[in-house]
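Enquirer: Okay, so here is protein37.cif, and as you'll see once you scroll down, it has mmCIF, C-alpha atoms.
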data_data
loop_
_atom_site.label_atom_id
_atom_site.label_comp_id
_atom_site.auth_asym_id
_atom_site.auth_seq_id
_atom_site.Cartn_x
_atom_site.Cartn_y
_atom_site.Cartn_z
CA MET A 857 0.00 0.00 0.00
CA ILE A 858 2.85 2.39 0.80
CA ARG A 859 4.36 1.83 -2.66
CA ILE A 860 1.05 2.69 -4.34
CA ALA A 861 0.70 5.80 -2.15
CA LEU A 862 4.20 6.98 -3.00
CA ILE A 863 3.79 6.38 -6.74
CA TYR A 864 0.36 7.95 -7.15
CA GLY A 865 1.04 10.73 -4.64
CA ALA A 866 4.30 11.60 -6.40
CA ILE A 867 2.58 11.65 -9.81
CA ALA A 868 -0.22 13.86 -8.44
CA GLY A 869 2.37 16.12 -6.81
CA ALA A 870 4.33 16.34 -10.07
CA ILE A 871 1.21 17.36 -12.00
CA ILE A 872 0.39 20.03 -9.43
CA ILE A 873 3.98 21.28 -9.44
CA ALA A 874 4.08 21.39 -13.25
CA SER A 875 0.83 23.37 -13.30
CA MET A 876 2.18 25.78 -10.67
CA VAL A 877 5.42 26.36 -12.55
CA THR A 878 3.61 26.79 -15.86
CA GLY A 879 1.02 29.12 -14.34
CA TYR A 880 3.58 31.38 -12.72
CA ALA A 881 5.76 31.38 -15.83
CA LEU A 882 2.84 32.37 -18.05
CA SER A 883 1.47 35.01 -15.66
CA ASP A 884 4.93 36.33 -14.79
CA GLY A 885 4.04 35.73 -11.14
CA LYS A 886 1.29 38.35 -11.18
CA GLY A 887 -1.89 36.52 -12.25
CA PHE A 888 -3.19 35.82 -8.77
CA GLY A 889 -6.95 35.80 -9.44
CA SER A 890 -7.14 33.51 -12.44
CA SER A 891 -4.16 31.40 -11.40
CA GLN A 892 -5.92 30.43 -8.17
CA THR A 893 -8.97 29.16 -10.04
CA ILE A 894 -6.89 27.33 -12.61
CA GLY A 895 -4.61 26.05 -9.84
CA TYR A 896 -7.53 24.46 -7.99
CA LEU A 897 -8.80 22.91 -11.23
CA PHE A 898 -5.38 21.38 -11.81
CA MET A 899 -5.37 20.18 -8.20
CA ILE A 900 -8.66 18.36 -8.75
CA VAL A 901 -7.38 16.78 -11.95
CA ALA A 902 -4.09 15.76 -10.33
CA LEU A 903 -5.79 14.47 -7.19
CA SER A 904 -8.03 12.26 -9.30
CA LEU A 905 -5.01 9.97 -9.06
CA ILE A 906 -6.33 9.17 -5.59
CA PHE A 907 -9.26 7.42 -7.24
CA ILE A 908 -6.98 5.70 -9.76
CA GLY A 909 -4.53 4.59 -7.06
CA ILE A 910 -7.27 3.14 -4.86
CA LYS A 911 -8.84 1.37 -7.84
CA ARG A 912 -5.51 -0.10 -8.89
CA TYR A 913 -4.82 -1.32 -5.37
CA ARG A 914 -8.33 -2.79 -5.11
CA ASP A 915 -8.09 -4.57 -8.44
CA LYS A 916 -4.47 -5.73 -8.52
CA GLU A 917 -3.61 -6.31 -4.86
CA LEU A 918 -6.94 -7.15 -3.24
CA GLY A 919 -8.70 -9.12 -5.94
CA GLY A 920 -11.31 -6.48 -6.75
CA VAL A 921 -12.68 -5.86 -3.24
CA ILE A 922 -11.71 -3.11 -0.81
CA SER A 923 -13.29 -1.84 2.39
CA PHE A 924 -14.13 1.82 2.88
CA GLY A 925 -11.54 2.04 5.67
CA LYS A 926 -8.70 0.56 3.63
CA ALA A 927 -9.60 2.74 0.61
CA PHE A 928 -9.79 5.81 2.85
CA GLN A 929 -6.42 4.97 4.41
CA LEU A 930 -4.75 4.63 1.00
CA GLY A 931 -6.41 7.82 -0.22
CA LEU A 932 -5.08 9.70 2.82
CA LEU A 933 -1.57 8.42 2.18
CA ILE A 934 -1.70 9.49 -1.47
CA SER A 935 -3.08 12.86 -0.32
CA LEU A 936 -0.25 13.34 2.16
CA VAL A 937 2.43 12.56 -0.42
CA ALA A 938 0.88 14.98 -2.93
CA SER A 939 0.47 17.64 -0.21
CA VAL A 940 4.09 17.35 0.90
CA ALA A 941 5.23 17.66 -2.74
CA TYR A 942 3.07 20.78 -3.08
CA ILE A 943 4.49 22.33 0.10
CA VAL A 944 8.10 21.56 -0.86
CA CYS A 945 7.60 23.05 -4.32
CA TRP A 946 5.99 26.18 -2.88
CA GLU A 947 8.84 26.63 -0.39
CA ILE A 948 11.41 26.23 -3.19
CA TYR A 949 9.51 28.79 -5.29
CA LEU A 950 9.43 31.26 -2.40
CA ALA A 951 13.14 30.84 -1.72
CA ALA A 952 14.01 31.16 -5.43
CA THR A 953 12.04 34.41 -5.71
CA ASP A 954 13.45 35.81 -2.47
CA TYR A 955 9.99 35.58 -0.86
CA ALA A 956 8.61 38.32 -3.14
CA PHE A 957 5.22 36.59 -3.26
CA ALA A 958 3.86 38.42 -0.21
CA GLU A 959 4.74 41.85 -1.59
CA ASN A 960 3.38 41.02 -5.05
CA TYR A 961 0.19 39.59 -3.58
CA VAL A 962 -0.45 42.67 -1.44
CA ALA A 963 0.23 44.90 -4.46
CA ALA A 964 -2.25 42.93 -6.61
CA LEU A 965 -4.92 43.01 -3.90
CA THR A 966 -4.32 46.73 -3.34
CA GLU A 967 -4.88 47.34 -7.05
CA ASN A 968 -8.12 45.31 -6.87
CA LEU A 969 -9.28 47.36 -3.89
CA LYS A 970 -8.61 50.61 -5.75
CA ASN A 971 -10.80 49.39 -8.61
CA GLN A 972 -13.68 48.64 -6.21
CA GLY A 973 -14.27 52.29 -5.42
CA LEU A 974 -13.92 52.00 -1.64
CA SER A 975 -13.52 55.04 0.58
CA GLU A 976 -9.95 56.01 1.44
CA VAL A 977 -10.40 55.04 5.12
CA GLU A 978 -11.89 51.64 4.30
CA MET A 979 -9.21 50.93 1.71
CA GLU A 980 -6.39 51.85 4.10
CA ALA A 981 -7.88 49.62 6.80
CA ARG A 982 -8.05 46.65 4.41
CA ILE A 983 -4.51 47.26 3.16
CA ALA A 984 -3.22 47.40 6.74
CA GLN A 985 -5.04 44.13 7.49
CA MET A 986 -3.48 42.47 4.40
CA LYS A 987 0.00 43.68 5.30
CA ALA A 988 -0.35 42.29 8.82
CA ALA A 989 -1.44 38.92 7.44
CA MET A 990 1.46 38.87 5.00
CA ALA A 991 3.89 39.70 7.83
CA ASN A 992 2.80 36.42 9.45
CA TYR A 993 3.35 34.67 6.12
CA GLY A 994 7.10 35.16 6.53
CA ASN A 995 7.06 32.68 9.42
CA PRO A 996 7.34 29.10 8.11
CA PHE A 997 5.38 27.78 11.11
CA PHE A 998 2.49 29.92 9.91
CA ARG A 999 3.06 29.55 6.15
CA ILE A 1000 3.47 25.76 5.87
CA PRO A 1001 0.15 24.90 7.58
CA ILE A 1002 -1.57 27.52 5.40
CA THR A 1003 -0.05 25.91 2.31
CA PHE A 1004 -1.16 22.47 3.54
CA ILE A 1005 -4.70 23.77 4.06
CA GLU A 1006 -4.78 24.93 0.43
CA ILE A 1007 -4.50 21.39 -0.94
CA PHE A 1008 -5.45 18.87 1.73
CA PRO A 1009 -9.20 19.62 2.04
CA VAL A 1010 -9.56 19.09 -1.72
CA ALA A 1011 -7.64 15.82 -1.43
CA LEU A 1012 -9.74 14.75 1.56
CA ILE A 1013 -13.00 15.27 -0.34
CA ILE A 1014 -11.68 13.29 -3.29
CA THR A 1015 -10.50 10.56 -0.88
CA LEU A 1016 -13.94 10.32 0.76
CA ILE A 1017 -15.73 10.15 -2.59
CA SER A 1018 -13.26 7.62 -3.99
CA ALA A 1019 -13.43 5.37 -0.92
CA ALA A 1020 -17.23 5.48 -0.91
CA LEU A 1021 -17.47 4.62 -4.59
CA LEU A 1022 -14.73 2.03 -4.85
CA ARG A 1023 -15.88 -0.05 -1.88
CA ASN A 1024 -18.51 -1.31 -4.31
CA PRO A 1025 -16.74 -4.06 -6.30
CA LYS A 1026 -19.30 -3.70 -9.12
CA LEU A 1027 -18.15 -0.15 -9.84
CA LEU A 1028 -15.58 -0.32 -12.63
CA PRO A 1029 -14.68 -3.95 -12.01
CA ALA A 1030 -11.25 -5.22 -12.98
CA ARG A 1031 -10.99 -6.69 -16.43
CA GLY A 1032 -9.88 -10.31 -16.70
#
Would it be possible to restate this file's structure as structure tokens?
Expert:
Amino acid sequence: MIRIALIYGAIAGAIIIASMVTGYALSDGKGFGSSQTIGYLFMIVALSLIFIGIKRYRDKELGGVISFGKAFQLGLLISLVASVAYIVCWEIYLAATDYAFAENYVAALTENLKNQGLSEVEMEARIAQMKAAMANYGNPFFRIPITFIEIFPVALIITLISAALLRNPKLLPARG
């Protein structure tokens, strides 16, 4: 089971990493709004490997039958591997760009706030709030759990759905 988790989690992580690198290269690191939406879509596609990994394990290792608990356990392991890959890639990206993400993000959000037509007082309050949050982002003990929370809930939902579906041996049965 560990081998399957490492293989499928690493593949899912690689797909997510490739999409992150491509997205930031194409947007020049400034396309925060659309890149988040596209990033989550790529996450869902990549994390579909949870379903594929559980199905492969069910069909090849367990003779076509798997319990919800065993499927859930494997899905969690695949999720953890993919999440760790995502975190490591993000940390490498931040280090390579001298942690400029926080400044660029605040600048992009500030520009969005200016376009919303807020009063000067309200805009300054929101900008101060964003800057305070980004100051915390410099601390890896704050940043790494935030990064984990970006991907893991998506992976957990896919794991729950996959485990619930694949416990039924009649769903996509193994071919002879």
Enquirer: Could you jot down the atom CA of Gly869 of chain A to atom CA of Ala927 of chain A separation for me, Å, one decimal place?
Expert: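 Computed distance, atom CA of Gly869 of chain A to atom CA of Ala927 of chain A, equals 19.4 Å.
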Enquirer: Closest to Met857 of chain A among A:Leu932, A:Val940, A:Leu1027, A:Ala870, using all atoms listed in the file?
Expert: A:Leu932
Enquirer: Could you tell me which residues the PyMOL selection byres ((chain A and resi 903-913) around 8) returns for this structure, as a ChimeraX atom specification?
Expert: /A:857,860-861,864-865,867-868,899-902,914-918,927,930-931,934-935,938,1011,1014-1015,1018-1019,1022
Enquirer: For the atom pair atom CA of Tyr949 of chain A and atom CA of Leu936 of chain A, what is the interatomic distance in Å to one decimal place?
Expert: 19.7 Å
Enquirer: Please provide as a ChimeraX atom specification all residues within 12 Å of segment 958-971 of chain A, with the sequence filter that same-chain residues fewer than 4 positions apart are discarded (counting only C-alpha atoms).
Expert: /A:884-889,892,950,953-954,975-995,999
Enquirer: Could you turn the residues from that selection into a file that holds C-alpha atoms, as an mmCIF file, keeping the file's coordinate frame?
Expert:
data_model
loop_
_atom_site.group_PDB
_atom_site.id
_atom_site.type_symbol
_atom_site.label_atom_id
_atom_site.label_comp_id
_atom_site.auth_asym_id
_atom_site.auth_seq_id
_atom_site.Cartn_x
_atom_site.Cartn_y
_atom_site.Cartn_z
ATOM 1 C CA ASP A 884 4.930 36.330 -14.790
ATOM 2 C CA GLY A 885 4.040 35.730 -11.140
ATOM 3 C CA LYS A 886 1.290 38.350 -11.180
ATOM 4 C CA GLY A 887 -1.890 36.520 -12.250
ATOM 5 C CA PHE A 888 -3.190 35.820 -8.770
ATOM 6 C CA GLY A 889 -6.950 35.800 -9.440
ATOM 7 C CA GLN A 892 -5.920 30.430 -8.170
ATOM 8 C CA LEU A 950 9.430 31.260 -2.400
ATOM 9 C CA THR A 953 12.040 34.410 -5.710
ATOM 10 C CA ASP A 954 13.450 35.810 -2.470
ATOM 11 C CA SER A 975 -13.520 55.040 0.580
ATOM 12 C CA GLU A 976 -9.950 56.010 1.440
ATOM 13 C CA VAL A 977 -10.400 55.040 5.120
ATOM 14 C CA GLU A 978 -11.890 51.640 4.300
ATOM 15 C CA MET A 979 -9.210 50.930 1.710
ATOM 16 C CA GLU A 980 -6.390 51.850 4.100
ATOM 17 C CA ALA A 981 -7.880 49.620 6.800
ATOM 18 C CA ARG A 982 -8.050 46.650 4.410
ATOM 19 C CA ILE A 983 -4.510 47.260 3.160
ATOM 20 C CA ALA A 984 -3.220 47.400 6.740
ATOM 21 C CA GLN A 985 -5.040 44.130 7.490
ATOM 22 C CA MET A 986 -3.480 42.470 4.400
ATOM 23 C CA LYS A 987 0.000 43.680 5.300
ATOM 24 C CA ALA A 988 -0.350 42.290 8.820
ATOM 25 C CA ALA A 989 -1.440 38.920 7.440
ATOM 26 C CA MET A 990 1.460 38.870 5.000
ATOM 27 C CA ALA A 991 3.890 39.700 7.830
ATOM 28 C CA ASN A 992 2.800 36.420 9.450
ATOM 29 C CA TYR A 993 3.350 34.670 6.120
ATOM 30 C CA GLY A 994 7.100 35.160 6.530
ATOM 31 C CA ASN A 995 7.060 32.680 9.420
ATOM 32 C CA ARG A 999 3.060 29.550 6.150
#
Enquirer: Go through A:Ile1002, A:Val921, A:Ala952, A:Cys945 one by one, measure the shortest atom-to-atom distance of each to Lys1026 of chain A using all atoms listed in the file, and give the residue with the smallest value.
Expert: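 Looking at the shortest contact to Lys1026 of chain A, the residue is A:Val921.
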Enquirer: Quick one, how far is atom CA of Ser923 of chain A from atom CA of Leu1021 of chain A?
Expert: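 Going from atom CA of Ser923 of chain A over to atom CA of Leu1021 of chain A, I get 10.4 Å.
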Enquirer: Which of these residues is nearest to Ala874 of chain A, using only C-alpha atoms: A:Ala1030, A:Ala941, A:Ile858, A:Ala1020?
Expert: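 With only C-alpha atoms as the atom set, the closest residue is A:Ala941.
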Enquirer: I'd like the contact shell of Pro1001 of chain A - 12 Å cut-off, all atoms listed in the file, skipping same-chain residues fewer than 2 positions apart - returned as a VMD selection string.
Expert: chain A and resid 939 to 940 942 to 943 947 992 to 993 995 to 999 1003 to 1008
Enquirer: Between A:Ile1000, A:Leu933, A:Phe924, A:Phe957, which is the closest to Ile1017 of chain A once you count all atoms listed in the file?
Expert: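 Answer, going by the shortest atom-to-atom distance: A:Phe924.
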Enquirer: Under the rule that only C-alpha atoms are counted, which of A:Ala866, A:Leu974, A:Met876, A:Leu1016 is the nearest residue to Trp946 of chain A?
Expert: A:Met876
Enquirer: Would you compute the box with edges along x, y and z of the file around segment 907-914 of chain A, including every atom the file lists for it and 4 Å extra on each side, and give its centre and edge lengths in Å to one decimal, as AutoDock Vina command-line options?
Expert:
--center_x -6.9 --center_y 2.3 --center_z -7.3 --size_x 12.7 --size_y 18.2 --size_z 12.9
